[in-house]
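Q: Dropping in entry.cif, with mmCIF, C-alpha atoms.
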```cif
data_upload
loop_
_atom_site.group_PDB
_atom_site.id
_atom_site.type_symbol
_atom_site.label_atom_id
_atom_site.label_comp_id
_atom_site.auth_asym_id
_atom_site.auth_seq_id
_atom_site.Cartn_x
_atom_site.Cartn_y
_atom_site.Cartn_z
ATOM 1 C CA ASP A 1173 -5.319 20.573 10.224
ATOM 2 C CA THR A 1174 -5.133 17.779 7.650
ATOM 3 C CA GLU A 1175 -1.699 16.538 8.620
ATOM 4 C CA VAL A 1176 -0.406 13.292 10.036
ATOM 5 C CA THR A 1177 2.910 13.750 11.803
ATOM 6 C CA GLN A 1178 5.475 11.075 12.535
ATOM 7 C CA THR A 1179 8.547 11.125 14.728
ATOM 8 C CA PRO A 1180 11.378 10.523 14.397
ATOM 9 C CA LYS A 1181 12.075 11.019 10.683
ATOM 10 C CA HIS A 1182 15.064 8.715 10.827
ATOM 11 C CA LEU A 1183 16.006 6.039 13.338
ATOM 12 C CA VAL A 1184 19.071 3.811 13.533
ATOM 13 C CA MET A 1185 18.975 1.068 16.120
ATOM 14 C CA GLY A 1186 20.835 -2.049 17.064
ATOM 15 C CA MET A 1187 19.213 -5.438 17.316
ATOM 16 C CA THR A 1188 19.119 -5.276 21.111
ATOM 17 C CA ASN A 1189 17.636 -1.782 21.370
ATOM 18 C CA LYS A 1190 14.099 -0.803 22.299
ATOM 19 C CA LYS A 1191 12.661 2.200 20.499
ATOM 20 C CA SER A 1192 9.272 3.651 19.641
ATOM 21 C CA LEU A 1193 7.792 5.325 16.595
ATOM 22 C CA LYS A 1194 5.117 7.944 17.144
ATOM 23 C CA CYS A 1195 2.244 9.128 14.983
ATOM 24 C CA GLU A 1196 -0.274 11.905 15.632
ATOM 25 C CA GLN A 1197 -3.330 13.285 13.860
ATOM 26 C CA HIS A 1198 -5.842 15.945 14.853
ATOM 27 C CA MET A 1199 -8.453 15.406 12.158
ATOM 28 C CA GLY A 1200 -10.807 13.500 14.428
ATOM 29 C CA HIS A 1201 -10.180 10.327 12.473
ATOM 30 C CA ARG A 1202 -11.203 7.124 14.214
ATOM 31 C CA ALA A 1203 -9.031 4.674 12.255
ATOM 32 C CA MET A 1204 -5.233 4.633 12.308
ATOM 33 C CA TYR A 1205 -2.824 2.378 10.470
ATOM 34 C CA TRP A 1206 0.790 1.231 10.435
ATOM 35 C CA TYR A 1207 2.339 0.217 7.117
ATOM 36 C CA LYS A 1208 5.812 -1.080 6.295
ATOM 37 C CA GLN A 1209 7.374 -0.194 2.962
ATOM 38 C CA LYS A 1210 10.582 -1.644 1.571
ATOM 39 C CA ALA A 1211 12.439 0.132 -1.210
ATOM 40 C CA LYS A 1212 10.674 0.038 -4.591
ATOM 41 C CA LYS A 1213 7.759 -1.926 -3.100
ATOM 42 C CA PRO A 1214 4.198 -0.966 -2.188
ATOM 43 C CA PRO A 1215 3.202 -0.295 1.422
ATOM 44 C CA GLU A 1216 2.194 -3.423 3.331
ATOM 45 C CA LEU A 1217 -0.419 -3.178 6.049
ATOM 46 C CA MET A 1218 0.756 -4.137 9.530
ATOM 47 C CA PHE A 1219 -1.910 -2.986 12.008
ATOM 48 C CA VAL A 1220 -5.232 -1.176 12.057
ATOM 49 C CA TYR A 1221 -6.796 0.540 15.041
ATOM 50 C CA SER A 1222 -10.447 1.457 14.938
ATOM 51 C CA TYR A 1223 -11.902 3.534 17.763
ATOM 52 C CA GLU A 1224 -8.677 2.945 19.707
ATOM 53 C CA LYS A 1225 -9.013 -0.820 19.536
ATOM 54 C CA LEU A 1226 -6.746 -3.089 17.517
ATOM 55 C CA SER A 1227 -8.915 -4.453 14.736
ATOM 56 C CA ILE A 1228 -6.366 -5.908 12.331
ATOM 57 C CA ASN A 1229 -2.972 -7.490 12.945
ATOM 58 C CA GLU A 1230 -1.523 -8.803 9.702
ATOM 59 C CA SER A 1231 0.415 -11.574 11.450
ATOM 60 C CA VAL A 1232 3.175 -9.160 12.363
ATOM 61 C CA PRO A 1233 6.027 -10.571 14.515
ATOM 62 C CA SER A 1234 5.723 -9.768 18.210
ATOM 63 C CA ARG A 1235 8.906 -7.681 18.100
ATOM 64 C CA PHE A 1236 6.547 -4.984 16.744
ATOM 65 C CA SER A 1237 4.033 -3.869 19.362
ATOM 66 C CA PRO A 1238 1.423 -1.235 18.498
ATOM 67 C CA GLU A 1239 -0.305 0.999 20.995
ATOM 68 C CA CYS A 1240 -3.090 3.553 20.661
ATOM 69 C CA PRO A 1241 -3.119 5.675 23.846
ATOM 70 C CA ASN A 1242 -5.953 7.880 22.571
ATOM 71 C CA SER A 1243 -7.779 8.699 19.371
ATOM 72 C CA SER A 1244 -5.054 11.085 18.183
ATOM 73 C CA LEU A 1245 -1.943 9.062 18.923
ATOM 74 C CA LEU A 1246 -0.509 5.841 17.607
ATOM 75 C CA ASN A 1247 2.770 4.285 18.694
ATOM 76 C CA LEU A 1248 4.797 1.397 17.376
ATOM 77 C CA HIS A 1249 7.148 -0.120 19.933
ATOM 78 C CA LEU A 1250 10.175 -1.891 18.539
ATOM 79 C CA HIS A 1251 12.255 -4.512 20.321
ATOM 80 C CA ALA A 1252 14.888 -7.002 19.191
ATOM 81 C CA LEU A 1253 14.489 -6.131 15.540
ATOM 82 C CA GLN A 1254 16.330 -7.808 12.695
ATOM 83 C CA PRO A 1255 18.256 -6.105 9.863
ATOM 84 C CA GLU A 1256 15.496 -7.174 7.450
ATOM 85 C CA ASP A 1257 13.099 -4.941 9.412
ATOM 86 C CA SER A 1258 14.873 -1.918 7.981
ATOM 87 C CA ALA A 1259 12.241 -0.041 5.982
ATOM 88 C CA LEU A 1260 10.090 3.081 5.782
ATOM 89 C CA TYR A 1261 7.309 2.875 8.383
ATOM 90 C CA LEU A 1262 4.234 4.824 7.433
ATOM 91 C CA CYS A 1263 1.367 5.859 9.640
ATOM 92 C CA ALA A 1264 -2.019 6.743 8.183
ATOM 93 C CA SER A 1265 -5.445 7.737 9.416
ATOM 94 C CA SER A 1266 -8.932 7.814 7.970
ATOM 95 C CA GLN A 1267 -12.392 8.920 8.984
ATOM 96 C CA GLY A 1268 -13.455 5.337 9.552
ATOM 97 C CA GLN A 1269 -12.120 1.892 8.888
ATOM 98 C CA TRP A 1270 -13.618 1.476 5.426
ATOM 99 C CA THR A 1271 -11.880 1.180 2.108
ATOM 100 C CA SER A 1272 -14.146 3.907 0.787
ATOM 101 C CA ASP A 1273 -12.430 6.317 3.168
ATOM 102 C CA GLU A 1274 -9.436 8.307 1.994
ATOM 103 C CA GLN A 1275 -6.328 7.531 4.009
ATOM 104 C CA PHE A 1276 -4.053 10.392 5.045
ATOM 105 C CA PHE A 1277 -0.412 9.391 5.361
ATOM 106 C CA GLY A 1278 2.413 10.779 7.429
ATOM 107 C CA PRO A 1279 5.871 11.310 5.904
ATOM 108 C CA GLY A 1280 7.181 8.107 7.466
ATOM 109 C CA THR A 1281 10.046 7.050 9.702
ATOM 110 C CA ARG A 1282 13.023 5.580 7.903
ATOM 111 C CA LEU A 1283 14.305 2.793 10.149
ATOM 112 C CA THR A 1284 17.711 1.184 9.860
ATOM 113 C CA VAL A 1285 18.492 -1.849 11.994
ATOM 114 C CA LEU A 1286 22.183 -2.628 12.360
ATOM 115 C CA SER B 955 -2.987 -12.490 -3.610
ATOM 116 C CA GLN B 956 -5.281 -9.563 -4.266
ATOM 117 C CA GLN B 957 -2.356 -7.245 -4.859
ATOM 118 C CA GLY B 958 -2.814 -5.154 -7.972
ATOM 119 C CA GLU B 959 -0.305 -5.408 -10.749
ATOM 120 C CA GLU B 960 0.561 -2.106 -12.339
ATOM 121 C CA ASP B 961 2.117 -1.463 -15.665
ATOM 122 C CA PRO B 962 4.319 -0.083 -16.788
ATOM 123 C CA GLN B 963 6.681 -0.463 -13.840
ATOM 124 C CA ALA B 964 8.394 2.722 -14.978
ATOM 125 C CA LEU B 965 7.451 5.481 -17.407
ATOM 126 C CA SER B 966 9.495 8.444 -18.611
ATOM 127 C CA ILE B 967 7.852 11.268 -20.554
ATOM 128 C CA GLN B 968 8.424 14.914 -21.440
ATOM 129 C CA GLU B 969 6.602 17.779 -19.758
ATOM 130 C CA GLY B 970 3.298 18.481 -21.454
ATOM 131 C CA GLU B 971 2.759 14.879 -22.560
ATOM 132 C CA ASN B 972 0.077 12.623 -21.143
ATOM 133 C CA ALA B 973 0.905 9.687 -18.865
ATOM 134 C CA THR B 974 -1.203 6.556 -18.629
ATOM 135 C CA MET B 975 -0.712 3.838 -16.072
ATOM 136 C CA ASN B 976 -2.737 0.683 -15.620
ATOM 137 C CA CYS B 977 -3.756 -1.455 -12.675
ATOM 138 C CA SER B 978 -5.121 -4.980 -12.787
ATOM 139 C CA TYR B 979 -6.475 -6.889 -9.825
ATOM 140 C CA LYS B 980 -7.727 -10.383 -9.180
ATOM 141 C CA THR B 981 -10.945 -10.441 -7.169
ATOM 142 C CA SER B 982 -14.109 -8.368 -7.074
ATOM 143 C CA ILE B 983 -13.840 -5.001 -5.363
ATOM 144 C CA ASN B 984 -16.045 -2.370 -3.773
ATOM 145 C CA ASN B 985 -13.876 0.542 -4.829
ATOM 146 C CA LEU B 986 -10.411 1.407 -6.091
ATOM 147 C CA GLN B 987 -8.207 4.287 -5.059
ATOM 148 C CA TRP B 988 -5.117 5.862 -6.593
ATOM 149 C CA TYR B 989 -2.309 7.328 -4.498
ATOM 150 C CA ARG B 990 0.877 9.247 -5.338
ATOM 151 C CA GLN B 991 4.141 8.947 -3.432
ATOM 152 C CA ASN B 992 7.038 11.310 -3.867
ATOM 153 C CA SER B 993 10.417 9.704 -3.302
ATOM 154 C CA GLY B 994 10.679 8.255 0.213
ATOM 155 C CA ARG B 995 7.687 10.195 1.505
ATOM 156 C CA GLY B 996 4.121 9.489 2.557
ATOM 157 C CA LEU B 997 1.350 8.712 0.116
ATOM 158 C CA VAL B 998 -1.197 11.256 -1.048
ATOM 159 C CA HIS B 999 -4.704 10.244 -2.032
ATOM 160 C CA LEU B 1000 -5.601 11.225 -5.601
ATOM 161 C CA ILE B 1001 -8.992 9.780 -6.431
ATOM 162 C CA LEU B 1002 -11.469 7.040 -5.527
ATOM 163 C CA ILE B 1003 -13.704 5.256 -7.986
ATOM 164 C CA ARG B 1004 -16.521 2.982 -6.882
ATOM 165 C CA SER B 1005 -17.282 -0.354 -8.499
ATOM 166 C CA ASN B 1006 -20.480 1.012 -10.074
ATOM 167 C CA GLU B 1007 -18.623 3.901 -11.712
ATOM 168 C CA ARG B 1008 -16.821 3.685 -15.038
ATOM 169 C CA GLU B 1009 -14.981 6.975 -15.196
ATOM 170 C CA LYS B 1010 -14.065 9.806 -12.889
ATOM 171 C CA HIS B 1011 -12.236 13.112 -13.338
ATOM 172 C CA SER B 1012 -10.334 15.338 -10.946
ATOM 173 C CA GLY B 1013 -8.413 18.251 -12.441
ATOM 174 C CA ARG B 1014 -5.809 16.779 -14.802
ATOM 175 C CA LEU B 1015 -6.569 13.233 -13.634
ATOM 176 C CA ARG B 1016 -8.904 10.809 -15.344
ATOM 177 C CA VAL B 1017 -9.551 7.372 -13.902
ATOM 178 C CA THR B 1018 -11.427 4.558 -15.588
ATOM 179 C CA LEU B 1019 -12.595 1.278 -14.124
ATOM 180 C CA ASP B 1020 -13.560 -1.849 -16.016
ATOM 181 C CA THR B 1021 -14.823 -4.390 -13.511
ATOM 182 C CA SER B 1022 -15.372 -7.012 -16.212
ATOM 183 C CA LYS B 1023 -11.654 -6.915 -17.004
ATOM 184 C CA LYS B 1024 -10.682 -6.214 -13.388
ATOM 185 C CA SER B 1025 -8.600 -3.257 -14.453
ATOM 186 C CA SER B 1026 -8.280 0.473 -13.962
ATOM 187 C CA SER B 1027 -6.267 3.176 -15.629
ATOM 188 C CA LEU B 1028 -5.006 6.542 -14.449
ATOM 189 C CA LEU B 1029 -4.406 9.247 -17.048
ATOM 190 C CA ILE B 1030 -2.497 12.396 -16.157
ATOM 191 C CA THR B 1031 -2.863 15.029 -18.844
ATOM 192 C CA ALA B 1032 -0.406 17.826 -19.621
ATOM 193 C CA SER B 1033 2.164 16.410 -17.213
ATOM 194 C CA ARG B 1034 4.516 18.604 -15.204
ATOM 195 C CA ALA B 1035 7.898 17.906 -13.633
ATOM 196 C CA ALA B 1036 6.139 18.036 -10.251
ATOM 197 C CA ASP B 1037 4.132 14.950 -11.269
ATOM 198 C CA THR B 1038 7.320 12.884 -10.969
ATOM 199 C CA ALA B 1039 6.450 10.272 -8.341
ATOM 200 C CA SER B 1040 5.350 6.672 -7.832
ATOM 201 C CA TYR B 1041 1.670 5.966 -8.392
ATOM 202 C CA PHE B 1042 -0.164 3.126 -6.647
ATOM 203 C CA CYS B 1043 -3.612 1.724 -7.061
ATOM 204 C CA ALA B 1044 -5.244 0.308 -3.940
ATOM 205 C CA THR B 1045 -8.189 -2.051 -3.687
ATOM 206 C CA ASP B 1046 -10.229 -3.786 -1.030
ATOM 207 C CA ALA B 1047 -8.564 -7.024 0.011
ATOM 208 C CA SER B 1048 -10.652 -9.789 -1.583
ATOM 209 C CA GLY B 1049 -13.724 -7.613 -1.366
ATOM 210 C CA ALA B 1050 -13.330 -6.974 2.370
ATOM 211 C CA THR B 1051 -14.290 -3.437 3.206
ATOM 212 C CA ASN B 1052 -11.858 -2.783 5.988
ATOM 213 C CA LYS B 1053 -8.384 -2.798 4.499
ATOM 214 C CA LEU B 1054 -6.548 -1.694 1.391
ATOM 215 C CA ILE B 1055 -4.037 -3.673 -0.613
ATOM 216 C CA PHE B 1056 -1.670 -1.580 -2.698
ATOM 217 C CA GLY B 1057 -0.569 -2.484 -6.194
ATOM 218 C CA THR B 1058 3.026 -2.785 -7.298
ATOM 219 C CA GLY B 1059 3.239 0.829 -8.448
ATOM 220 C CA THR B 1060 4.360 2.778 -11.497
ATOM 221 C CA LEU B 1061 7.350 5.095 -11.241
ATOM 222 C CA LEU B 1062 6.678 8.154 -13.398
ATOM 223 C CA ALA B 1063 9.488 10.496 -14.402
ATOM 224 C CA VAL B 1064 8.509 13.728 -16.147
ATOM 225 C CA GLN B 1065 11.462 15.380 -17.835
ATOM 226 C CA PRO B 1066 11.426 19.208 -17.973
#
```
Transcribe the structure of this file into structure tokens.
A:
Amino acid sequence: DTEVTQTPKHLVMGMTNKKSLKCEQHMGHRAMYWYKQKAKKPPELMFVYSYEKLSINESVPSRFSPECPNSSLLNLHLHALQPEDSALYLCASSQGQWTSDEQFFGPGTRLTVL
Amino acid sequence: SQQGEEDPQALSIQEGENATMNCSYKTSINNLQWYRQNSGRGLVHLILIRSNEREKHSGRLRVTLDTSKKSSSLLITASRAADTASYFCATDASGATNKLIFGTGTLLAVQP
């Protein structure tokens, strides 16, 4: 199974809501990533987990809270978001946390914040 | 910023033609990857080229790397309508080996 799955596919939330994005992979990968992508822009790295520990936080606002419950799952908890947080949120995984490793991406969650 | 600049920003060609897109970056790298993204979907890895390699092939893809010019090119030969997508190069961030920075992307449209 070489697939990364993400749920939900679409999410609309108000600025006072709390929601979570979920990502799952069963390739035995030990690194997992969250990216944010605005329309017509490249993906921007948000967080990296390596061996279930947060290894990189790209100065992301605290209204985004990542969690890695186990080596196959990655969550992104959302709270008090702003309309400018509307974007495609992509999850990815790789064998290890090296740039020589191919990253496998999920289809993304399209988030709209009202 | 290490972010790669890609050109052209957009490219429209006919099926069967070749498509070339270029990526330039600013600092030394360990390797460079190319990814494809169909509209609003996840990215798919195409090819990786290491800093000590000059050219690499994979099917209809040919990638070159010129570290002296800090640039790479992706050639897709005999293009198909299914090749319509955005293409991104990705490099190590300032030579760090633990995260990728994606370039600005080229939007390729292949007309049937």
Q: For the file shown, what are the residues hit by the PyMOL selection byres ((chain A) within 8 of (chain B)), laid out as JSON, numbers by chain?
A: {"A": [1213, 1214, 1215, 1216, 1217, 1260, 1262, 1269, 1270, 1271, 1272, 1274, 1275, 1276, 1277, 1278, 1279, 1280]}
Q: I'd like the interatomic distance between atom CA of Lys1208 of chain A and atom CA of Ala1259 of chain A, to a tenth of an Å.
A: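 That distance, rounded to one decimal, is 6.5 Å.
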Q: Could you please determine the separation between atom CA of Ala1264 of chain A and atom CA of Cys1195 of chain A in Å, to one decimal place?
A: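 Computed distance, atom CA of Ala1264 of chain A to atom CA of Cys1195 of chain A, equals 8.4 Å.
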Q: Care to translate the PyMOL selection byres ((chain B and resi 1020) around 12) into actual residues of this file, as a count of residues only?
A: 25
Q: Please enumerate the residues selected by the PyMOL selection byres ((chain A and resi 1225) around 10) when evaluated against the supplied file, formatted as a list in words.
A: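 Applied to this file, the PyMOL selection byres ((chain A and resi 1225) around 10) returns Arg1202, Ala1203, Met1204, Val1220, Tyr1221, Ser1222, Tyr1223, Glu1224, Leu1226, Ser1227, Ile1228, Glu1239, Cys1240, Pro1241, Asn1242 and Ser1243 of chain A.
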Q: Measure the distance from atom CA of Ser1231 of chain A to atom CA of Glu960 of chain B in Å and round it to one decimal.
A: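 Pair atom CA of Ser1231 of chain A / atom CA of Glu960 of chain B returns 25.6 Å.
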Q: Hey, can I get the axis-aligned box for segment 1009-1018 of chain B? All listed atoms, 3 Å padding on each side, centre and edge lengths in Å to one decimal, as JSON.
A:
```
{"center_x": -10.4, "center_y": 11.4, "center_z": -13.3, "size_x": 15.2, "size_y": 19.7, "size_z": 10.6}
```
Q: Counting only C-alpha atoms, which residue out of A:Val1232, A:Val1184, A:Leu1245, A:Ala1211 sits closest to His1198 of chain A?
A: A:Leu1245
Q: Choose the residue, out of A:Leu1246, A:Met1218, A:Val1285, A:Ala1252, that has the smallest atom-to-atom separation from Thr1179 of chain A; count all atoms listed in the file.
A: A:Leu1246
Q: Which one is closest to His1251 of chain A: A:Gly1268, A:Gly1186, A:Pro1180, A:Gly1200? Count all atoms listed in the file.
A: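 Smallest distance to His1251 of chain A is found for A:Gly1186.
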Q: At a cut-off of 6 Å, using all atoms listed in the file, what residues contact segment 1181-1183 of chain A? Leave out same-chain residues fewer than 6 positions from it and give the result as a list of chain:residue names.
A: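 What passes the distance filter is A:Thr1281, A:Arg1282, A:Leu1283.
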Q: So, with only C-alpha atoms as the atoms that count, which of B:Arg1016, B:Arg990, B:Lys980, B:Glu971 lies closest to Ala1035 of chain B?
A: B:Glu971
Q: Within 7 Å of (-5.1, 17.0, 12.0) (coordinates as in the file), grab all the protein and nucleic acid residues, counting only C-alpha atoms, and write them out as a list in words.
A: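 Residues with an atom at most 7 Å from (-5.1, 17.0, 12.0): Asp1173, Thr1174, Glu1175, Val1176, Gln1197, His1198 and Met1199 of chain A.
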Q: Counting all atoms listed in the file, which residues have an atom no more than 9 Å from (-6.1, 13.5, -13.2) in the file's coordinates? Please list them as a list of chain:residue names.
A: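 Those residues, ordered by chain and then number, are B:Leu1000, B:Ile1001, B:Lys1010, B:His1011, B:Ser1012, B:Gly1013, B:Arg1014, B:Leu1015, B:Arg1016, B:Val1017, B:Leu1028, B:Leu1029, B:Ile1030, B:Thr1031.
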Q: Hey, which of A:Glu1196, A:Pro1238, A:Asp1273, A:Leu1286 ends up closest to Gln1254 of chain A? Count only C-alpha atoms.
A: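 Of A:Glu1196, A:Pro1238, A:Asp1273, A:Leu1286, the one nearest Gln1254 of chain A, counting only C-alpha atoms, is A:Leu1286.
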